[in-house]
Structures are given as C-alpha cells and as structure tokens.
$ cat final_27.csv   # CSV, C-alpha atoms
chain,number,residue,atom,x,y,z
H,1,MET,CA,40.6,95.3,23.9
H,2,PRO,CA,43.6,95.8,21.6
H,3,THR,CA,44.6,92.9,19.4
H,4,HIS,CA,47.6,94.4,17.6
H,5,PHE,CA,50.9,94.6,19.3
H,6,SER,CA,54.2,96.3,18.2
H,7,GLN,CA,56.1,93.0,18.1
H,8,SER,CA,56.1,90.7,15.1
H,9,SER,CA,54.0,87.6,14.9
H,10,SER,CA,57.1,85.5,15.0
H,11,SER,CA,58.3,87.2,18.2
H,12,LEU,CA,54.9,86.7,19.8
H,13,THR,CA,54.8,83.0,18.9
H,14,THR,CA,58.4,82.2,20.1
H,15,PHE,CA,58.2,84.3,23.3
H,16,ALA,CA,56.9,81.4,25.5
H,17,PRO,CA,59.2,78.7,24.2
H,18,ARG,CA,62.3,80.9,24.7
H,19,LEU,CA,61.3,81.9,28.2
H,20,LEU,CA,60.5,78.3,29.2
H,21,ASP,CA,63.8,77.0,27.9
H,22,TRP,CA,65.6,79.7,29.9
H,23,PHE,CA,63.5,78.8,33.0
H,24,ALA,CA,64.3,75.1,32.7
H,25,GLU,CA,68.0,75.9,32.9
H,26,ASN,CA,68.2,79.0,35.0
H,27,GLY,CA,65.0,79.5,36.9
H,28,ARG,CA,64.3,79.0,40.5
H,29,HIS,CA,63.1,75.5,41.3
H,30,ASP,CA,63.5,75.3,45.1
H,31,LEU,CA,61.1,77.8,46.5
H,32,PRO,CA,58.9,76.1,49.1
H,33,TRP,CA,55.6,77.1,47.5
H,34,GLN,CA,56.4,76.1,44.0
H,35,GLN,CA,54.0,73.6,42.5
H,36,HIS,CA,55.1,73.4,38.8
H,37,GLN,CA,57.0,70.1,39.4
H,38,THR,CA,54.2,68.6,41.4
H,39,ASP,CA,51.6,66.1,40.0
H,40,THR,CA,49.0,67.0,42.7
H,41,PRO,CA,49.4,70.7,43.3
H,42,ASN,CA,48.3,72.4,46.5
H,43,PRO,CA,46.4,75.7,45.8
H,44,TYR,CA,46.7,76.6,49.5
H,45,VAL,CA,50.4,77.2,49.5
H,46,VAL,CA,50.3,79.1,46.2
H,47,TRP,CA,47.5,81.4,47.6
H,48,LEU,CA,49.4,81.9,50.8
H,49,SER,CA,52.7,82.7,49.0
H,50,GLU,CA,51.0,85.0,46.4
H,51,VAL,CA,49.4,87.1,49.2
H,52,MET,CA,52.7,87.3,51.1
H,53,LEU,CA,54.7,88.2,47.9
H,54,GLN,CA,52.5,91.2,47.0
H,55,GLN,CA,54.9,94.2,47.2
H,56,THR,CA,57.4,92.0,49.2
H,57,GLN,CA,60.6,90.3,48.1
H,58,VAL,CA,61.1,86.5,48.2
H,59,THR,CA,64.0,86.7,50.7
H,60,THR,CA,61.7,88.6,53.1
H,61,VAL,CA,58.8,86.2,52.7
H,62,LEU,CA,60.7,82.9,53.1
H,63,PRO,CA,60.9,82.8,56.9
H,64,TYR,CA,57.3,84.1,57.3
H,65,PHE,CA,56.0,81.4,54.9
H,66,ALA,CA,57.8,78.7,56.8
H,67,ARG,CA,56.3,79.9,60.1
H,68,PHE,CA,52.8,80.0,58.7
H,69,MET,CA,53.1,76.5,57.2
H,70,GLU,CA,54.4,75.2,60.5
H,71,SER,CA,51.6,76.7,62.5
H,72,PHE,CA,48.8,76.5,59.9
H,73,PRO,CA,49.6,73.6,57.6
H,74,SER,CA,46.2,73.6,56.0
H,75,VAL,CA,43.7,76.3,55.1
H,76,GLN,CA,41.4,74.9,57.8
H,77,ASP,CA,44.1,75.4,60.4
H,78,LEU,CA,44.4,79.1,59.3
H,79,ALA,CA,40.7,79.6,59.3
H,80,ALA,CA,40.3,78.2,62.8
H,81,ALA,CA,43.2,80.2,64.3
H,82,GLU,CA,42.6,83.2,66.5
H,83,TRP,CA,43.3,86.6,64.8
H,84,ASP,CA,45.9,87.5,67.4
H,85,LEU,CA,47.9,84.4,66.5
H,86,VAL,CA,47.7,85.2,62.8
H,87,ALA,CA,48.7,88.8,63.5
H,88,GLU,CA,51.7,87.6,65.6
H,89,HIS,CA,52.9,85.5,62.7
H,90,TRP,CA,52.5,88.3,60.2
H,91,ALA,CA,54.0,91.1,62.4
H,92,GLY,CA,56.8,92.8,60.6
H,93,LEU,CA,55.8,91.8,57.1
H,94,GLY,CA,53.9,95.1,56.5
H,95,TYR,CA,50.8,95.9,54.4
H,96,TYR,CA,48.7,94.5,57.2
H,97,ALA,CA,45.4,94.6,55.3
H,98,ARG,CA,46.8,91.5,53.5
H,99,ALA,CA,46.8,89.6,56.8
H,100,ARG,CA,43.3,90.5,57.6
H,101,ASN,CA,42.2,89.5,54.1
H,102,LEU,CA,44.2,86.3,54.4
H,103,HIS,CA,42.4,85.3,57.6
H,104,LYS,CA,39.0,86.2,56.2
H,105,GLY,CA,39.8,84.4,52.9
H,106,ALA,CA,40.8,81.3,54.9
H,107,LYS,CA,37.4,81.2,56.5
H,108,GLN,CA,35.7,81.6,53.1
H,109,LEU,CA,37.8,78.8,51.6
H,110,ALA,CA,37.1,76.5,54.6
H,111,GLU,CA,33.4,77.0,54.1
H,112,ILE,CA,33.7,76.3,50.3
H,113,ILE,CA,35.6,73.1,51.0
H,114,ASP,CA,33.0,72.0,53.5
H,115,GLU,CA,30.3,72.6,51.0
H,116,THR,CA,32.0,71.3,47.8
H,117,GLY,CA,34.8,69.1,49.0
H,118,ASP,CA,37.5,71.1,47.2
H,119,PHE,CA,39.0,74.6,46.7
H,120,PRO,CA,37.4,76.8,44.1
H,121,GLN,CA,38.1,75.6,40.6
H,122,THR,CA,37.4,78.7,38.5
H,123,LEU,CA,38.9,82.1,38.1
H,124,ALA,CA,35.7,83.8,39.3
H,125,GLY,CA,35.6,81.5,42.3
H,126,TRP,CA,39.1,82.6,43.4
H,127,GLU,CA,38.4,86.3,42.7
H,128,ALA,CA,35.5,86.0,45.1
H,129,ILE,CA,37.9,85.3,47.9
H,130,SER,CA,38.8,88.3,50.1
H,131,GLY,CA,42.0,90.0,48.9
H,132,VAL,CA,42.4,88.0,45.7
H,133,GLY,CA,42.6,90.1,42.5
H,134,PRO,CA,42.8,89.0,38.9
H,135,SER,CA,46.6,88.3,38.9
H,136,THR,CA,46.6,86.4,42.1
H,137,ALA,CA,43.6,84.4,41.0
H,138,GLY,CA,45.4,83.6,37.7
H,139,ALA,CA,48.5,82.5,39.6
H,140,ILE,CA,46.5,80.2,41.7
H,141,MET,CA,44.7,78.7,38.7
H,142,ALA,CA,48.0,78.2,36.8
H,143,MET,CA,50.3,77.1,39.5
H,144,GLY,CA,48.0,75.9,42.3
H,145,LEU,CA,45.6,73.9,40.1
H,146,HIS,CA,47.5,73.3,36.9
H,147,LYS,CA,44.7,74.9,34.9
H,148,TYR,CA,44.9,77.8,32.5
H,149,GLY,CA,45.6,81.1,34.3
H,150,VAL,CA,47.2,84.4,33.3
H,151,ILE,CA,49.2,86.7,35.6
H,152,CYS,CA,50.1,90.3,35.2
H,153,ASP,CA,51.8,91.4,38.4
H,154,GLY,CA,54.5,94.0,38.8
H,155,ASN,CA,57.3,91.8,37.5
H,156,VAL,CA,55.3,90.8,34.5
H,157,LYS,CA,54.4,94.4,33.7
H,158,ARG,CA,58.1,95.4,33.8
H,159,VAL,CA,59.1,92.6,31.4
H,160,LEU,CA,56.3,93.3,29.0
H,161,THR,CA,56.6,97.1,28.9
H,162,ARG,CA,60.3,96.7,28.1
H,163,TRP,CA,60.0,93.9,25.6
H,164,ALA,CA,57.1,95.6,23.7
H,165,ALA,CA,58.1,99.2,24.5
H,166,ILE,CA,54.7,100.0,25.9
H,167,ASP,CA,55.0,103.7,26.8
H,168,GLY,CA,51.7,104.3,28.5
H,169,ASP,CA,51.5,105.1,32.2
H,170,ILE,CA,51.1,101.7,33.9
H,171,THR,CA,48.9,103.3,36.5
H,172,LYS,CA,46.3,104.1,33.8
H,173,SER,CA,43.5,101.6,33.0
H,174,ALA,CA,44.2,101.8,29.2
H,175,THR,CA,47.7,100.6,29.7
H,176,THR,CA,46.6,97.9,32.1
H,177,LYS,CA,44.2,96.6,29.5
H,178,THR,CA,47.0,96.5,26.9
H,179,LEU,CA,49.3,94.7,29.2
H,180,TRP,CA,46.6,92.1,30.2
H,181,ALA,CA,45.8,91.5,26.5
H,182,LEU,CA,49.5,91.0,25.7
H,183,ALA,CA,49.9,88.6,28.7
H,184,GLU,CA,46.9,86.6,27.5
H,185,ARG,CA,48.4,86.4,24.0
H,186,LEU,CA,51.7,85.2,25.3
H,187,THR,CA,50.6,82.7,27.9
H,188,PRO,CA,50.5,79.1,26.6
H,189,VAL,CA,47.2,77.3,27.3
H,190,ASP,CA,48.8,74.0,28.1
H,191,ASP,CA,51.7,75.2,30.3
H,192,SER,CA,50.6,78.4,32.0
H,193,GLY,CA,51.8,77.3,35.4
H,194,ARG,CA,55.5,77.0,34.4
H,195,PHE,CA,55.1,80.1,32.2
H,196,ALA,CA,53.8,82.1,35.2
H,197,GLN,CA,56.7,81.0,37.4
H,198,ALA,CA,59.1,81.8,34.5
H,199,MET,CA,57.7,85.3,34.1
H,200,MET,CA,58.1,85.9,37.8
H,201,ASP,CA,61.7,84.7,37.8
H,202,MET,CA,62.5,86.8,34.7
H,203,GLY,CA,61.3,89.9,36.4
H,204,ALA,CA,62.9,89.1,39.8
H,205,THR,CA,66.3,87.9,38.6
H,206,LEU,CA,67.1,89.4,35.1
H,207,CYS,CA,64.6,92.1,34.2
H,208,THR,CA,65.1,94.0,37.4
H,209,ARG,CA,64.1,97.6,38.1
H,210,SER,CA,67.7,98.8,37.9
H,211,LYS,CA,70.7,97.3,36.1
H,212,PRO,CA,68.7,94.6,34.2
H,213,ALA,CA,71.0,91.7,33.1
H,214,CYS,CA,70.1,92.0,29.4
H,215,LEU,CA,73.1,89.9,28.1
H,216,LEU,CA,71.6,86.9,29.9
H,217,CYS,CA,68.1,87.5,28.8
H,218,PRO,CA,66.5,85.0,26.3
H,219,LEU,CA,64.3,87.8,25.0
H,220,GLN,CA,67.0,90.4,24.3
H,221,GLU,CA,67.1,89.9,20.5
H,222,ASP,CA,63.7,91.4,20.0
H,223,CYS,CA,63.3,93.4,23.2
H,224,LEU,CA,62.4,96.9,21.9
H,225,ALA,CA,63.6,98.8,25.0
H,226,HIS,CA,67.0,97.0,24.8
H,227,ALA,CA,67.3,97.9,21.1
H,228,GLN,CA,66.7,101.5,22.0
H,229,GLY,CA,69.1,101.4,25.0
H,230,ARG,CA,66.2,102.6,27.1
H,231,GLU,CA,65.5,99.6,29.4
H,232,THR,CA,65.2,101.6,32.6
H,233,ASP,CA,62.8,104.1,31.0
H,234,TYR,CA,60.2,101.3,31.3
H,235,PRO,CA,57.7,100.9,32.8
H,236,VAL,CA,56.4,104.4,32.4
H,237,LYS,CA,54.9,105.7,35.6
H,238,ALA,CA,53.7,109.1,36.6
H,239,LYS,CA,56.1,110.8,39.0
H,240,LYS,CA,55.0,110.4,42.5
H,241,GLN,CA,54.2,113.4,44.7
H,242,PRO,CA,56.4,113.7,47.8
H,243,LYS,CA,54.9,111.8,50.7
H,244,PRO,CA,53.4,114.0,53.5
H,245,SER,CA,54.6,113.6,57.0
H,246,LYS,CA,52.7,112.9,60.2
H,247,PHE,CA,53.9,113.4,63.7
H,248,SER,CA,52.8,111.5,66.8
H,249,ASN,CA,53.8,110.8,70.4
H,250,ALA,CA,54.0,107.1,71.3
H,251,LEU,CA,53.1,106.7,74.9
H,252,ILE,CA,54.9,104.1,76.9
H,253,ILE,CA,52.5,103.9,79.9
H,254,LYS,CA,54.0,101.6,82.6
H,255,ASP,CA,52.7,100.2,85.8
H,256,THR,CA,54.8,99.8,88.9
H,257,ASP,CA,56.0,96.3,87.7
H,258,GLY,CA,57.3,97.8,84.5
H,259,LYS,CA,54.5,96.4,82.4
H,260,ILE,CA,53.5,98.5,79.4
H,261,LEU,CA,49.9,99.3,78.2
H,262,TRP,CA,49.1,97.9,74.8
H,263,LEU,CA,46.0,98.6,72.7
H,264,GLN,CA,44.6,96.6,69.9
H,265,ARG,CA,44.1,98.8,66.9
H,266,PRO,CA,40.6,98.9,65.2
H,267,ASP,CA,40.1,96.4,62.4
H,268,ASN,CA,39.9,99.2,59.8
H,269,GLY,CA,42.7,101.7,59.3
H,270,ILE,CA,46.5,101.5,59.8
H,271,TRP,CA,47.7,98.4,61.6
H,272,GLY,CA,44.2,97.1,61.8
H,273,GLY,CA,43.9,94.3,64.4
H,274,LEU,CA,47.5,94.6,65.6
H,275,TRP,CA,48.7,95.9,69.0
H,276,SER,CA,50.2,99.3,69.5
H,277,LEU,CA,51.3,101.8,72.1
H,278,PRO,CA,48.7,104.6,72.6
H,279,LEU,CA,49.5,107.4,70.1
H,280,GLN,CA,48.9,111.1,70.3
H,281,PHE,CA,48.8,112.9,66.9
H,282,VAL,CA,50.8,116.2,67.0
H,283,GLU,CA,50.4,118.8,64.3
H,284,LYS,CA,53.6,120.1,62.8
H,285,ILE,CA,53.6,123.8,61.8
H,286,ALA,CA,56.6,125.5,60.3
H,287,GLY,CA,57.3,128.8,58.5
H,288,LYS,CA,57.5,128.7,54.7
H,289,ALA,CA,61.1,129.6,54.2
H,290,SER,CA,63.1,129.4,57.4
H,291,GLY,CA,61.7,126.1,58.7
H,292,LYS,CA,61.0,128.0,62.0
H,293,PRO,CA,57.6,128.0,63.6
H,294,ALA,CA,55.3,130.5,62.0
H,295,PRO,CA,54.5,133.6,64.1
H,296,ASN,CA,51.7,133.2,66.6
H,297,LYS,CA,51.7,129.4,66.0
H,298,PRO,CA,52.3,126.8,68.7
H,299,ASN,CA,56.0,126.0,69.1
H,300,THR,CA,56.4,123.1,71.6
H,301,SER,CA,55.1,119.6,71.1
H,302,ALA,CA,52.8,120.1,74.1
H,303,GLU,CA,51.4,123.3,72.6
H,304,ARG,CA,50.8,121.6,69.2
H,305,LEU,CA,49.1,118.7,70.9
H,306,ARG,CA,46.8,121.0,72.8
H,307,GLN,CA,45.9,122.6,69.5
H,308,VAL,CA,45.0,119.3,68.0
H,309,THR,CA,43.0,118.0,71.0
H,310,SER,CA,41.1,121.3,71.1
H,311,ASN,CA,40.0,120.7,67.5
H,312,GLU,CA,37.2,118.2,67.8
H,313,LYS,CA,37.2,117.2,64.2
H,314,VAL,CA,41.0,116.5,64.1
H,315,PHE,CA,40.8,114.8,67.5
H,316,ASP,CA,38.1,112.4,66.4
H,317,ALA,CA,39.8,111.7,63.1
H,318,GLU,CA,43.4,111.1,64.4
H,319,PHE,CA,42.8,109.5,67.8
H,320,THR,CA,41.1,106.0,68.2
H,321,THR,CA,38.4,105.7,70.8
H,322,ALA,CA,41.0,104.2,73.2
H,323,GLU,CA,43.5,107.0,72.6
H,324,GLN,CA,40.8,109.6,73.2
H,325,ILE,CA,40.0,107.9,76.6
H,326,ILE,CA,43.6,107.7,77.5
H,327,HIS,CA,44.4,111.3,76.5
H,328,GLU,CA,41.4,112.7,78.4
H,329,TRP,CA,42.2,110.6,81.5
H,330,LEU,CA,45.8,111.7,81.5
H,331,ASP,CA,44.8,115.3,81.1
H,332,LYS,CA,42.1,115.1,83.8
H,333,HIS,CA,44.6,113.6,86.3
H,334,ASN,CA,47.4,115.9,85.2
H,335,VAL,CA,49.6,113.0,84.3
H,336,ILE,CA,52.4,114.0,81.9
H,337,ALA,CA,54.3,111.6,79.7
H,338,ALA,CA,58.0,112.8,79.4
H,339,PRO,CA,60.6,112.2,76.8
H,340,ILE,CA,62.6,109.0,77.4
H,341,ASN,CA,66.1,110.0,76.6
H,342,GLN,CA,68.4,112.9,77.4
H,343,THR,CA,70.7,113.1,74.4
H,344,LEU,CA,69.6,115.0,71.3
H,345,LEU,CA,70.3,112.0,69.0
H,346,ASP,CA,68.3,109.5,71.1
H,347,ASP,CA,65.4,111.9,71.6
H,348,ALA,CA,64.9,112.3,67.8
H,349,PRO,CA,61.7,110.9,66.5
H,350,ILE,CA,61.6,107.5,64.9
H,351,LYS,CA,60.9,107.7,61.2
H,352,HIS,CA,58.5,105.0,59.9
H,353,SER,CA,57.5,105.1,56.2
H,354,LEU,CA,54.1,103.8,55.2
H,355,THR,CA,52.6,103.6,51.7
H,356,HIS,CA,51.1,107.1,51.7
H,357,PHE,CA,53.1,109.1,54.3
H,358,HIS,CA,56.1,109.2,56.6
H,359,TRP,CA,55.3,108.8,60.3
H,360,TYR,CA,57.6,110.4,62.9
H,361,LEU,CA,57.0,108.8,66.3
H,362,THR,CA,58.4,110.3,69.5
H,363,PRO,CA,58.5,107.9,72.5
H,364,ARG,CA,57.3,109.5,75.7
H,365,SER,CA,57.1,107.6,79.0
H,366,VAL,CA,55.1,107.7,82.2
H,367,THR,CA,54.8,105.3,85.2
H,368,LEU,CA,51.4,105.0,87.0
H,369,ASP,CA,50.9,103.9,90.5
H,370,ASN,CA,48.7,101.0,91.3
H,371,LYS,CA,45.6,103.1,91.9
H,372,GLN,CA,46.1,105.0,88.6
H,373,THR,CA,46.7,101.7,86.7
H,374,THR,CA,43.5,100.3,87.9
H,375,ALA,CA,41.5,103.4,87.2
H,376,LEU,CA,42.8,103.7,83.6
H,377,SER,CA,42.3,100.0,82.9
H,378,THR,CA,38.7,100.3,84.2
H,379,ALA,CA,38.0,103.3,82.0
H,380,LEU,CA,39.2,101.4,78.9
H,381,GLN,CA,37.5,98.1,79.8
H,382,ALA,CA,34.2,100.0,80.4
H,383,ALA,CA,34.4,101.1,76.7
H,384,GLU,CA,35.1,97.4,75.7
H,385,ILE,CA,38.6,98.3,74.6
H,386,ASN,CA,41.0,95.3,74.2
H,387,ILE,CA,44.2,96.0,76.3
H,388,HIS,CA,47.2,94.2,77.7
H,389,TRP,CA,49.7,95.1,80.3
H,390,LEU,CA,52.9,93.4,79.2
H,391,THR,CA,56.7,93.9,79.4
H,392,ALA,CA,58.4,94.8,76.2
H,393,ASP,CA,59.8,91.3,75.9
H,394,ASP,CA,56.5,89.6,76.5
H,395,ALA,CA,54.7,91.9,74.0
H,396,ARG,CA,57.3,91.1,71.3
H,397,ALA,CA,56.9,87.4,72.0
H,398,THR,CA,53.1,87.2,72.2
H,399,LEU,CA,51.5,90.1,70.4
H,400,GLY,CA,51.3,91.0,66.7
H,401,LEU,CA,53.3,94.3,66.8
H,402,PRO,CA,53.8,96.6,63.8
H,403,ARG,CA,57.4,97.1,62.9
H,404,ALA,CA,57.2,100.7,64.1
H,405,MET,CA,56.4,99.5,67.6
H,406,VAL,CA,59.4,97.1,67.6
H,407,LYS,CA,61.6,100.1,66.6
H,408,ILE,CA,60.4,102.0,69.6
H,409,LEU,CA,61.1,99.1,71.9
H,410,GLU,CA,64.5,98.7,70.5
H,411,ARG,CA,65.3,102.4,71.1
$ encode --input "final_27.csv" --output "structure tokens"
Amino acid sequence: MPTHFSQSSSSLTTFAPRLLDWFAENGRHDLPWQQHQTDTPNPYVVWLSEVMLQQTQVTTVLPYFARFMESFPSVQDLAAAEWDLVAEHWAGLGYYARARNLHKGAKQLAEIIDETGDFPQTLAGWEAISGVGPSTAGAIMAMGLHKYGVICDGNVKRVLTRWAAIDGDITKSATTKTLWALAERLTPVDDSGRFAQAMMDMGATLCTRSKPACLLCPLQEDCLAHAQGRETDYPVKAKKQPKPSKFSNALIIKDTDGKILWLQRPDNGIWGGLWSLPLQFVEKIAGKASGKPAPNKPNTSAERLRQVTSNEKVFDAEFTTAEQIIHEWLDKHNVIAAPINQTLLDDAPIKHSLTHFHWYLTPRSVTLDNKQTTALSTALQAAEINIHWLTADDARATLGLPRAMVKILER
C-alpha cells in the first residue's frame, strides 16, 4: 500500500479542516437521510440511501426514499414486506440488482438485530450484508453509527484524482489501492461522518464531471489538476467500447377484456423479480458497408425470429422458460402478434439503454379469445410461472415494472 503522495505534508494535514469549514457554510444539510447533526444516528436510513444513491443522482432518489420510508419505516418492515411490494416501490430507479440485495440485506439485518439487539457495529459486519461494499460500509459506519469510517465512491475518486493528479486508470486495482490509501490518510478519525458527507457534497456540487466550480473550491490553492488547467482530464479512465445492441419484440398479449399478460422475470438476470411483457429476441443482421441485409440472410423481423428460435442454443439463452412456452404456444396455434401502430414514426423500436447494451424493443399486439386465454394461462401455470392478466393502468399501479415496460405502455 503506497504511503507517499504527491501532495505536501501541509496540504495533506489541512485538507480535512478546509473541507469541513466549507461544508459548514456551503454544504447540504437538509437531505432526509443525513445523520451528521443527529445525536442518535439511524444506520437504517443511511444504508437505504447509500444503496439508492449508487450510480443515481440525489434529485432522482429523493421521491423514492420518501416512499420507502413511508411504507417501510424500519428495517424490520422492509424485511417483512413481500418482494412484489418492494419491487413496485423501486420500479423506475434502475439497476434492479440493488433492490434484490436491499430486500435480502433487510432480512439479514433483521436477523442480526433479533440476535444481538442492534445493527452491526463493525465494518466487517456491514460488509457481510448483501450488496454492501467497502465504501457503503464505510459510509454507514461514519454517518449511520458516528464511528470511524472511510468512503471512496465515485464522487470521492473524482475529487482525489484531481487534487492529487493521480493519473492511473481508476478501473485498475493499483489505482484503487492508491485512492483508498489517500482517502484513509485524509479522513479525520474523530469526525469521519461529517467528512464523508462533505466529500460527497464536494463531488456532487463543486467538483463535478464537467464544468467544475474551481473558483468556489476550498481546495483550489493546492489542487494539482487545477494548477495544470487539466481538471476534466481526471479521473483517468480507459475509453469505453461502444455498447452492442439487442433487438426484441415486446408482446402485448390481451384477453377479450383488454387485460394484458404479465410475466415475473427470473430472480437472476435483467429486471430480476420485476414484471415484464413477454419478449422475443430477434437477431439483427446487416451488411458491413451499406447497412442493408447481407445476401442470403433473413430480412424481415419474422424471418430473423425464426432463425433465432431454430437455434436451440440462442433460444435457450435469450428466452426465459415462460417466453419459450409462450413462443411455442403461439407458433403451434398459428397466433401472430402484429405491429401496433401504422405510422413509420410510431412503429419505430423503443430504445432502452442498460449498463452493457442498448435494447431496441418493438411492441407487437395480439388479442386472444377466452378459450385461447385459458389454454395459454394453463400452460404457464403448469410450469409454475407467475403471471398476471392486468390492464395497463392496473399493471402500472400494482406491479414493479421496469422503465422500459412503462415506455411501451406510454407509446
């Protein structure tokens, strides 16, 4: 672990006092989960907010946090809640693995409190909770328990790489070790909770990704990136490869009352535990230069779908069990889902970007008669698939839907 840093001893020693003085005057002190002004801090609200704030902005999190606290005012309430209710509260916030870990973590914490009478009191105890990494655990220790804790999240890394001109790729373990060592060196033992909040505020309000407000920064006099006029060159990160694209039909299967078939996604994988329309993966094949379909390759969506479903390996990988049953049932009964809209603009796929790829979803609709509805439902229930037949409005109101499904309903 490195012990020598590019900044002077004086700069290292005065970093925290300068930052805390700035925070006292200019920091955010009215966020609903903040505990730095509380004599008896509540680690539950810090844990909940930290999970929600991972890769998500404060303005987005605020209404979700309020809804969670209203419905689940204690960790025991969250632990006892049904997953569908938790998913409904989380729907639209994205990165859904966080919600699954949150629910699992609540159950773990409730058990620990039953056994010991309190939340975990050590860093290792919090890191053992599902979905809690070193920085989240440090934040909970510092802000939720008023003990010593160090954070090194995205905001902190941005501040530190600029201030100390750390030019290593922040995705590499060596740079991560350097940043953690610097964060530990700068964090005051007796006031790490306020320091953690101040570092978060610095990154969120002044030392932003673009157009940092350096003239207002209490650290500008010895910030090495500022001295070089290279603030936005930090943090250094390897250039991302372009995201691949994935193409699917989203099937709006209705009964005679206008109710739509909804499937609960498997716990693992994309949108785990949430509710979705049945999807049909469609392979996209285009020529290298012209963008036109390559010779002797399938052209229409139906032809591309047939190619995918005839490839057993791709079919099994891209279709959930429920979607396989639905596709085979529709094919066997010669039921065809047709495009919903007539205009070229409305019939364009809906683009939904996820962490690792862009997903283009084309809504296609079909209405089943009563006999067909019963037969398809029976086939799915025989395979122990969780389904609902609900109108679009009822689904939005009662199910945890991914944002992509809401986009389709709003089409």
$ residues_around --input "final_27.csv" --residues "H:Ala227" --least-positions-apart "4" --cutoff "10 Å" --atoms "all atoms listed in the file" --output "NGL selection string"
:H and (162-163 or 165 or 220-223 or 231)
$ closest_atom_pairs --input "final_27.csv" --of "stretch 15-52 of chain H" --to "stretch 78-83 of chain H" --cutoff "12 Å" --atoms "all atoms listed in the file" --output "CSV"
residue,atom,partner,partner_atom,distance
H:Tyr44,CA,H:Leu78,CA,10.4
H:Val45,CA,H:Leu78,CA,11.6
H:Leu48,CA,H:Leu78,CA,10.3
$ write_last_selection --input "final_27.csv" --atoms "C-alpha atoms" --output "PDB file, in the coordinates of the input"
ATOM      1  CA  TYR H  44      46.700  76.600  49.500  1.00  0.00           C
ATOM      2  CA  VAL H  45      50.400  77.200  49.500  1.00  0.00           C
ATOM      3  CA  LEU H  48      49.400  81.900  50.800  1.00  0.00           C
TER       4      LEU H  48
END
$ closest_residue --input "final_27.csv" --among "H:Leu109, H:Ala128, H:Ile260, H:Met200" --to "H:Gln57" --atoms "only C-alpha atoms"
H:Met200
$ residues_around --input "final_27.csv" --residues "H:Leu368" --least-positions-apart "2" --cutoff "8 Å" --atoms "only C-alpha atoms" --output "list in words"
Ile253, Lys254, Asp255, Thr256, Val366, Asn370, Lys371, Gln372 and Thr373 of chain H
$ closest_atom_pairs --input "final_27.csv" --of "stretch 3-122 of chain H" --to "stretch 147-161 of chain H" --cutoff "10 Å" --atoms "all atoms listed in the file" --output "JSON lines"
{"residue": "H:Gln54", "atom": "CA", "partner": "H:Asp153", "partner_atom": "CA", "distance": 8.6}
{"residue": "H:Gln55", "atom": "CA", "partner": "H:Gly154", "partner_atom": "CA", "distance": 8.4}
{"residue": "H:Gln121", "atom": "CA", "partner": "H:Lys147", "partner_atom": "CA", "distance": 8.7}
{"residue": "H:Thr122", "atom": "CA", "partner": "H:Lys147", "partner_atom": "CA", "distance": 9.0}
$ atom_distance --input "final_27.csv" --atom1 "atom CA of H:Glu283" --atom2 "atom CA of H:Pro244"
12.2 Å
$ closest_atom_pairs --input "final_27.csv" --of "stretch 2-115 of chain H" --to "stretch 380-404 of chain H" --cutoff "6 Å" --atoms "all atoms listed in the file" --output "tab-separated table"
residue	atom	partner	partner_atom	distance
H:Ala87	CA	H:Gly400	CA	4.7
H:Glu88	CA	H:Gly400	CA	3.6
H:Ala91	CA	H:Gly400	CA	5.1
H:Gly92	CA	H:Arg403	CA	4.9
$ residues_around --input "final_27.csv" --residues "H:Leu219" --least-positions-apart "6" --cutoff "12 Å" --atoms "all atoms listed in the file" --output "CSV table (one decimal) with C-alpha atoms, in the frame of the given file"
chain,number,residue,atom,x,y,z
H,7,GLN,CA,56.1,93.0,18.1
H,11,SER,CA,58.3,87.2,18.2
H,12,LEU,CA,54.9,86.7,19.8
H,14,THR,CA,58.4,82.2,20.1
H,15,PHE,CA,58.2,84.3,23.3
H,16,ALA,CA,56.9,81.4,25.5
H,17,PRO,CA,59.2,78.7,24.2
H,18,ARG,CA,62.3,80.9,24.7
H,19,LEU,CA,61.3,81.9,28.2
H,20,LEU,CA,60.5,78.3,29.2
H,21,ASP,CA,63.8,77.0,27.9
H,22,TRP,CA,65.6,79.7,29.9
H,159,VAL,CA,59.1,92.6,31.4
H,160,LEU,CA,56.3,93.3,29.0
H,162,ARG,CA,60.3,96.7,28.1
H,163,TRP,CA,60.0,93.9,25.6
H,164,ALA,CA,57.1,95.6,23.7
H,199,MET,CA,57.7,85.3,34.1
H,202,MET,CA,62.5,86.8,34.7
H,203,GLY,CA,61.3,89.9,36.4
H,206,LEU,CA,67.1,89.4,35.1
H,207,CYS,CA,64.6,92.1,34.2
H,213,ALA,CA,71.0,91.7,33.1
H,225,ALA,CA,63.6,98.8,25.0
H,226,HIS,CA,67.0,97.0,24.8
H,227,ALA,CA,67.3,97.9,21.1
$ atom_distance --input "final_27.csv" --atom1 "atom CA of H:Pro43" --atom2 "atom CA of H:Leu145"
6.0 Å
$ atom_distance --input "final_27.csv" --atom1 "atom CA of H:Phe281" --atom2 "atom CA of H:Ala250"
8.9 Å
$ residues_around --input "final_27.csv" --residues "H:Gln324" --least-positions-apart "5" --cutoff "10 Å" --atoms "all atoms listed in the file" --output "JSON, numbers by chain"
{"H": [278, 279, 280, 309, 315, 316, 318, 319, 329, 330]}
$ decode --input "final_27.csv" --residues "stretch 24-47 of chain H" --atoms "C-alpha atoms" --output "mmCIF file, in the first residue's frame"
data_model
loop_
_atom_site.group_PDB
_atom_site.id
_atom_site.type_symbol
_atom_site.label_atom_id
_atom_site.label_comp_id
_atom_site.auth_asym_id
_atom_site.auth_seq_id
_atom_site.Cartn_x
_atom_site.Cartn_y
_atom_site.Cartn_z
ATOM 1 C CA ALA H 24 -20.344 24.011 7.417
ATOM 2 C CA GLU H 25 -21.123 27.095 5.339
ATOM 3 C CA ASN H 26 -21.981 25.703 1.916
ATOM 4 C CA GLY H 27 -22.777 22.002 2.237
ATOM 5 C CA ARG H 28 -26.162 20.332 2.038
ATOM 6 C CA HIS H 29 -27.721 19.923 5.472
ATOM 7 C CA ASP H 30 -31.351 19.173 4.622
ATOM 8 C CA LEU H 31 -31.250 15.795 2.890
ATOM 9 C CA PRO H 32 -33.705 13.440 4.635
ATOM 10 C CA TRP H 33 -31.151 10.694 5.274
ATOM 11 C CA GLN H 34 -28.401 12.879 6.742
ATOM 12 C CA GLN H 35 -27.346 11.944 10.261
ATOM 13 C CA HIS H 36 -24.309 14.173 10.874
ATOM 14 C CA GLN H 37 -26.356 16.596 13.018
ATOM 15 C CA THR H 38 -28.096 13.820 14.984
ATOM 16 C CA ASP H 39 -27.054 12.684 18.444
ATOM 17 C CA THR H 40 -28.596 9.228 17.957
ATOM 18 C CA PRO H 41 -27.936 8.311 14.314
ATOM 19 C CA ASN H 42 -30.054 5.768 12.467
ATOM 20 C CA PRO H 43 -27.948 3.395 10.336
ATOM 21 C CA TYR H 44 -31.057 2.122 8.531
ATOM 22 C CA VAL H 45 -31.705 5.385 6.688
ATOM 23 C CA VAL H 46 -28.020 5.773 5.799
ATOM 24 C CA TRP H 47 -27.857 2.210 4.448
#
